[in-house]
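Colleague: Can you read through this structure? Questions will come right after.
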Amino acid sequence: MIGAMLSEAWMAMGANRLRTILTMLGMVIGVCAVILMLAVGQGAQQQVQASIASMGSNLFIILSGSTTSGGVRMGGGATPTLTLADAQAIEELPSVFAVAPSSPGTAQLVYGPNNWSTQVIGTLPSFLTVRDWRLSAGFPFTDSDVRSATRVALLGQTVVRNLFGDEDPVGKTIRIRNSPYVILGVLGAKGQSLDGRDQDDTVLVPVTTAQRKLFGTQFAGTVRFIMAQAESAEVMSAVEKSINELLRQRHRIREGAENDFSVRNLTAMANTAAETAQVMSMMLGAIASVSLLVGGIGIMNIMLVSVTERTREIGIRMAIGARGKDILLQFLLEAIIISVIGCLIGVLLGVGGALAVSKASGMAVLITMASIVTAFVVAATVGIFFGWYPARKASLLRPIDALRFQ
Amino acid sequence: MPEAHEMSANPVIRIERLYKEYVTDAGSVPVLKDVATTVMPGEFIAIMGPSGSGKSTFMNILGCLDVATSGTYLLNGRDVNTQSGDELAHLRNQVIGFVFQGFNLLPRASLEDNVALPLIYSGIPRAERMVRANEMLEKVGLGSYRRSRPNQISGGQQQRVAIARALVNRPKLILADEPTGNLDTHTSQEIMALFTELNERDGITIVLVTHESDIAAHARRLVRLSDGCIVYDGLVVHAAPAHLETTS
């Protein structure tokens with residue numbers, strides 16, 4: 001019975017090939033759009049999450065100050081107010097896991113015939129802990145390197161590529177601002193940061209080396225910023241409070257006066273970015289779902305026309321013994337076939353389109369089985385739902401009315 | 001009504017006090033008024049009457065395509081008025097074979113698929129459907145056209161296919177509504193010869209509506225309707241009467 005009905009449905013669809021294809025097209029575009037949008041949205045989300053993971057977890061960044069000098073407020077970082085001693089004091093606070101003071105600057109690097117300008121960060125070995133950064137080759141510098149301000153460096157992947165090409169840089173000597181530095185190790189790849197910078201385009205040196213030999217400082221021992229890692233996400237707000245109190249005390253800031261530093265919760269900012277990406281992804285999905293809905297209405301529209309056109313045929317079938325449910329099944333089968341085939345083509349086009357987009361534009365896309373299954377199931381349901389009404393309308397016709405219909 | 005029929009077994013059709021009205025904007029229009037009749041197995045009845053006499057409505061009610069406003073209709077012993085939609089479909093499928101004036105074949109289906117169509121709704125498997133459909137096509141002399149489409153054969157041949165379709169479920173009763181209305185005289189005679197053969201050889205009860213006396217002449221019993229009432233019910237008078245039907 002079902003077999004006979006399937007072949008009849010197939011025949012009816014074949015009789016109106018162009019119309020069937022156009023109806024299917026609505027479904028195809030809907031499913032394709034949903035899969036494509038989900039792939040792009042989830043790709044962006046994944047990229048943000050990867051950036052967050054590359055940043056390190058439970059992080060604070062403490063920036064030196066907005067000071068006020070004679071009523072003129074100077075803005076963040078204008079005055080170096082943070083020192084290595086501040087960093088040490090913060091490290092002694094409870095629930096603080098690691099602290100890395102940083103003195104960044106820009107410098108020209110030379111190796112053989114190659115040169116490269118990049119960001120050089122003077123910091124402590126704990127920087128690698130805080131940023132959850134591993135070495136891909138060699139060893140990190142040590143506290144004794146920091147104490148004696150030796151000329152040693154760790155290179156990021158981008159720097160290695162530009163200075164050394166395929167050569168192994170560990171143990172080689174490069175020149176930073178014309179002084180020789182021994183390469184101790186190579187940092188693992190991190191990729192893009194949340195704001196789109198290449199995190200691998202960087203060089204780490206001991207903070208004392210940067211302060212005394214590379215960039216110099218306005219006052220002895222000052223650093224541009226301090227990164228601090230809390231032990232867990234739960235203690236973040238307590239740690240933020242205690243850092244504030246500690247630094248106000250250390251900097252002798254009076255009650256009511258403004259801070260000459262600022263503490264930022266990077267993890268909170270990252271979470272905001274992640275939420276934004278997720279909202280984006282959902283928005284894209286929602287917009288694509290509209291086209292799916294339109295596709296479903298297209299099916300209903302065509303099926304209604306088809307029922308009207310074939311009223312006489314329905315009458316003949318009823319006269320020779322078709323029950324209402326036979327007619328319902330016949331038209332429902334047509335809707336099912338159209339939506340299922342449309343869905344399948346849509347899935348193929350959507351996946352192919354997503355891959356093409358990522359290849360052509362370099363945009364990150366993520367195609368998950370869940371998004372394919374969701375799109376397919378939702379689309380098939382929409383198609384069948386919208387096919388059901390016309391099918392039911394056909395099945396409720398009175399035989400004599402259907403037979404007399406001209 | 002001939003006495004002979006009252007003596008045999010259960011009637012195929014038994015109708016009492018049948019009324020049918022159509023409700024229009026101008027009020028209700030009575031089409032059938034107090035119709036009563038009984039059809040016994042093996043009868044061959046022609047229903048005649050002028051246009052508007054209610055004969056088509058009568059046929060539609062007999063065929064369970066339409067329902068009467070009031071009255072009793074027993075088909076094969078079952079009260080049609082108490083049957084559900086599915087049960088009526090079952091009756092149309094199993095008990096009745098329909099032959100229409102306009103053939104009413106499905107244009108896209110092959111002749112064998114057309115003939116096999118009622119069997120789909122009886123839930124008969126495909127292999128058996130095809131065997132029985134082809135048997136029926138052979139029976140009406142169109143065995144070699146099984147893969148053709150309805151538009152590739154003549155009107156007379158199409159009506160033969162329609163008759164094959166009506167017969168395929170081995171019904172007790174064939175209802176034919178002006179089966180020769182769209183055919184020329186010669187072809188009409190051939191179709192009527194087929195009906196006569198089905199009635200005489202296979203014992204199938206046939207009720208047909210016509211407005212041509214020479215078609216009605218093939219039947220053995222004549223029911224004449226006028227203005228919604230049966231005005232004559234008896235043997236077919238073979239000589240063409242003076243009040244020959246001219247309307248359709």
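By convention in this document, the chains of the structure tokens carry letters A, B, ... by their order, each chain's residues are numbered from 1, and ligands are numbered from 1 in the order they are shown.
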Give me the residues of region 132-214 of chain A that have any atom at most 7 Å from an atom of region 51-66 of chain A; for each, the nearest atom pair and the distance in Å, rounded to one decimal. Use only C-alpha atoms, sort by chain and number, and format it as a tab-separated table.
Modeller:
```
residue	atom	partner	partner_atom	distance
A:Asp132	CA	A:Gly56	CA	5.2
A:Lys190	CA	A:Ser54	CA	5.9
A:Gln192	CA	A:Ser51	CA	6.4
A:Ser193	CA	A:Ser51	CA	5.2
A:Leu194	CA	A:Ser51	CA	5.6
```
Colleague: Could you make a table, as JSON lines, of the residues of chain A that have an atom within 7 Å of an atom of chain B, each with its nearest atom pair and distance in Å to one decimal, counting only C-alpha atoms, in chain and number order?
Modeller:
```
{"residue": "A:Met1", "atom": "CA", "partner": "B:Gly123", "partner_atom": "CA", "distance": 5.9}
{"residue": "A:Glu313", "atom": "CA", "partner": "B:Leu106", "partner_atom": "CA", "distance": 6.9}
{"residue": "A:Ile316", "atom": "CA", "partner": "B:Asn104", "partner_atom": "CA", "distance": 6.5}
{"residue": "A:Met318", "atom": "CA", "partner": "B:Ala89", "partner_atom": "CA", "distance": 6.8}
{"residue": "A:Ala319", "atom": "CA", "partner": "B:Arg92", "partner_atom": "CA", "distance": 6.3}
{"residue": "A:Ile320", "atom": "CA", "partner": "B:Asn93", "partner_atom": "CA", "distance": 5.2}
{"residue": "A:Gly321", "atom": "CA", "partner": "B:Asn93", "partner_atom": "CA", "distance": 3.9}
{"residue": "A:Ala322", "atom": "CA", "partner": "B:Tyr121", "partner_atom": "CA", "distance": 5.6}
{"residue": "A:Arg323", "atom": "CA", "partner": "B:Ala89", "partner_atom": "CA", "distance": 5.4}
{"residue": "A:Pro399", "atom": "CA", "partner": "B:Leu65", "partner_atom": "CA", "distance": 5.4}
{"residue": "A:Ile400", "atom": "CA", "partner": "B:Leu65", "partner_atom": "CA", "distance": 5.2}
```
Colleague: Please provide the set of residues having any atom within 8 Å of Thr205 (chain B), restricted to only C-alpha atoms, with same-chain residues fewer than 3 positions apart removed, written as a tab-separated table (two decimals) with C-alpha atoms, in the first residue's frame.
Modeller:
```tsv
chain	number	residue	atom	x	y	z
B	40	MET	CA	-32.49	-8.04	-6.82
B	41	PRO	CA	-29.22	-9.79	-7.68
B	42	GLY	CA	-28.73	-10.31	-11.41
B	43	GLU	CA	-31.06	-7.56	-12.55
B	44	PHE	CA	-30.24	-5.23	-15.44
B	172	LYS	CA	-21.96	-7.30	-6.99
B	173	LEU	CA	-23.28	-4.15	-8.61
B	174	ILE	CA	-22.22	-1.98	-11.52
B	199	ASN	CA	-25.03	-9.39	-16.69
```
Colleague: Please identify all polymer residues within 9 Å of Ala68 (chain B), counting only C-alpha atoms, omitting same-chain residues fewer than 2 positions from it, and present them as a PDB file with C-alpha atoms, in the first residue's frame.
Modeller:
```
ATOM      1  CA  LEU B  18     -36.118   8.311  -0.095  1.00  0.00           C
ATOM      2  CA  TYR B  19     -36.048  12.113  -0.165  1.00  0.00           C
ATOM      3  CA  LYS B  20     -33.296  14.377  -1.370  1.00  0.00           C
ATOM      4  CA  GLU B  21     -33.274  18.156  -1.223  1.00  0.00           C
ATOM      5  CA  LEU B  32     -36.162  13.109  -5.108  1.00  0.00           C
ATOM      6  CA  PHE B  58     -30.446   8.996  -7.623  1.00  0.00           C
ATOM      7  CA  ILE B  61     -27.012   8.170  -3.764  1.00  0.00           C
ATOM      8  CA  ASP B  66     -24.018  11.420  -1.922  1.00  0.00           C
ATOM      9  CA  SER B  70     -34.173  11.195   4.578  1.00  0.00           C
ATOM     10  CA  GLY B  71     -35.354   7.672   3.929  1.00  0.00           C
ATOM     11  CA  THR B  72     -33.855   4.220   4.035  1.00  0.00           C
ATOM     12  CA  TYR B  73     -31.209   2.820   1.708  1.00  0.00           C
ATOM     13  CA  ASN B  81     -27.154   6.014   6.486  1.00  0.00           C
TER      14      ASN B  81
END
```
Colleague: For Val168 (chain B), work out the shell of residues within 8 Å, counting only C-alpha atoms and skipping chain neighbours fewer than 3 positions away, then give it as number ranges by chain.
Modeller: B: 115-116, 118-119, 132-133, 136, 164-165, 171
Colleague: Output N, CA, C and O atoms for every residue in that selection, as a CSV table (one decimal), in the first residue's frame.
Modeller:
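The resulting selection.csv:
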```csv
chain,number,residue,atom,x,y,z
B,115,VAL,N,-6.6,0.4,-14.1
B,115,VAL,CA,-7.5,-0.7,-13.7
B,115,VAL,C,-7.2,-1.3,-12.3
B,115,VAL,O,-8.1,-1.6,-11.6
B,116,ALA,N,-5.9,-1.2,-12.0
B,116,ALA,CA,-5.5,-1.8,-10.7
B,116,ALA,C,-5.8,-0.8,-9.5
B,116,ALA,O,-5.7,-1.2,-8.4
B,118,PRO,N,-8.4,0.4,-7.9
B,118,PRO,CA,-9.3,0.1,-6.8
B,118,PRO,C,-8.6,-1.0,-5.9
B,118,PRO,O,-8.9,-1.0,-4.7
B,119,LEU,N,-7.7,-1.8,-6.5
B,119,LEU,CA,-7.1,-2.9,-5.7
B,119,LEU,C,-6.1,-2.3,-4.7
B,119,LEU,O,-5.9,-2.9,-3.6
B,132,ARG,N,-4.5,-9.3,-11.8
B,132,ARG,CA,-6.0,-9.1,-11.9
B,132,ARG,C,-6.3,-8.0,-12.9
B,132,ARG,O,-7.3,-8.1,-13.6
B,133,ALA,N,-5.5,-6.9,-12.9
B,133,ALA,CA,-5.8,-5.8,-13.8
B,133,ALA,C,-5.6,-6.3,-15.2
B,133,ALA,O,-6.5,-5.9,-16.1
B,136,MET,N,-8.5,-8.3,-16.4
B,136,MET,CA,-9.7,-7.5,-16.7
B,136,MET,C,-9.5,-6.8,-18.0
B,136,MET,O,-10.5,-6.7,-18.8
B,164,ALA,N,-13.4,-2.2,-17.1
B,164,ALA,CA,-12.5,-3.2,-16.5
B,164,ALA,C,-12.1,-2.7,-15.1
B,164,ALA,O,-12.0,-3.6,-14.1
B,165,ARG,N,-11.9,-1.4,-14.8
B,165,ARG,CA,-11.6,-0.9,-13.5
B,165,ARG,C,-12.8,-1.2,-12.6
B,165,ARG,O,-12.6,-1.5,-11.4
B,171,PRO,N,-17.2,-6.7,-8.1
B,171,PRO,CA,-18.4,-6.1,-7.4
B,171,PRO,C,-19.7,-6.9,-7.7
B,171,PRO,O,-19.8,-7.6,-8.7
```
Colleague: Do you have the CA of Ala149 (chain A)-CA of Val207 (chain A) distance handy?
Modeller: 7.6 Å
Colleague: In Å to one decimal, how far is CA of Gly228 (chain B) from CA of Lys55 (chain B)?
Modeller: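 CA of Gly228 (chain B) lies at a distance of 7.9 Å from CA of Lys55 (chain B).
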Colleague: Quick one: everything within 7 Å of Gly188 (chain A), counting only C-alpha atoms, minus sequence neighbours fewer than 2 positions away in the same chain. Send it as a list in words.
Modeller: Trp133, Arg134, Leu135, Ser136, Gln157, Val186 and Lys190 of chain A
Colleague: Would you export the selected residues with C-alpha atoms as a tab-separated table (two decimals), in the first residue's frame, please?
Modeller:
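Saved as again_18.tsv:
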```tsv
chain	number	residue	atom	x	y	z
A	133	TRP	CA	52.07	29.33	27.45
A	134	ARG	CA	54.26	26.34	26.68
A	135	LEU	CA	57.60	26.23	24.90
A	136	SER	CA	57.81	24.29	21.68
A	157	GLN	CA	56.56	31.56	16.26
A	186	VAL	CA	60.74	29.04	21.23
A	190	LYS	CA	48.93	30.91	20.30
```
Colleague: When DSSP works through the backbone of this structure, what residues of region 94-222 of chain A end up as alpha helix (DSSP H), shown as a ChimeraX atom specification?
Modeller: /A:126-130,143-148,157-164,207-209
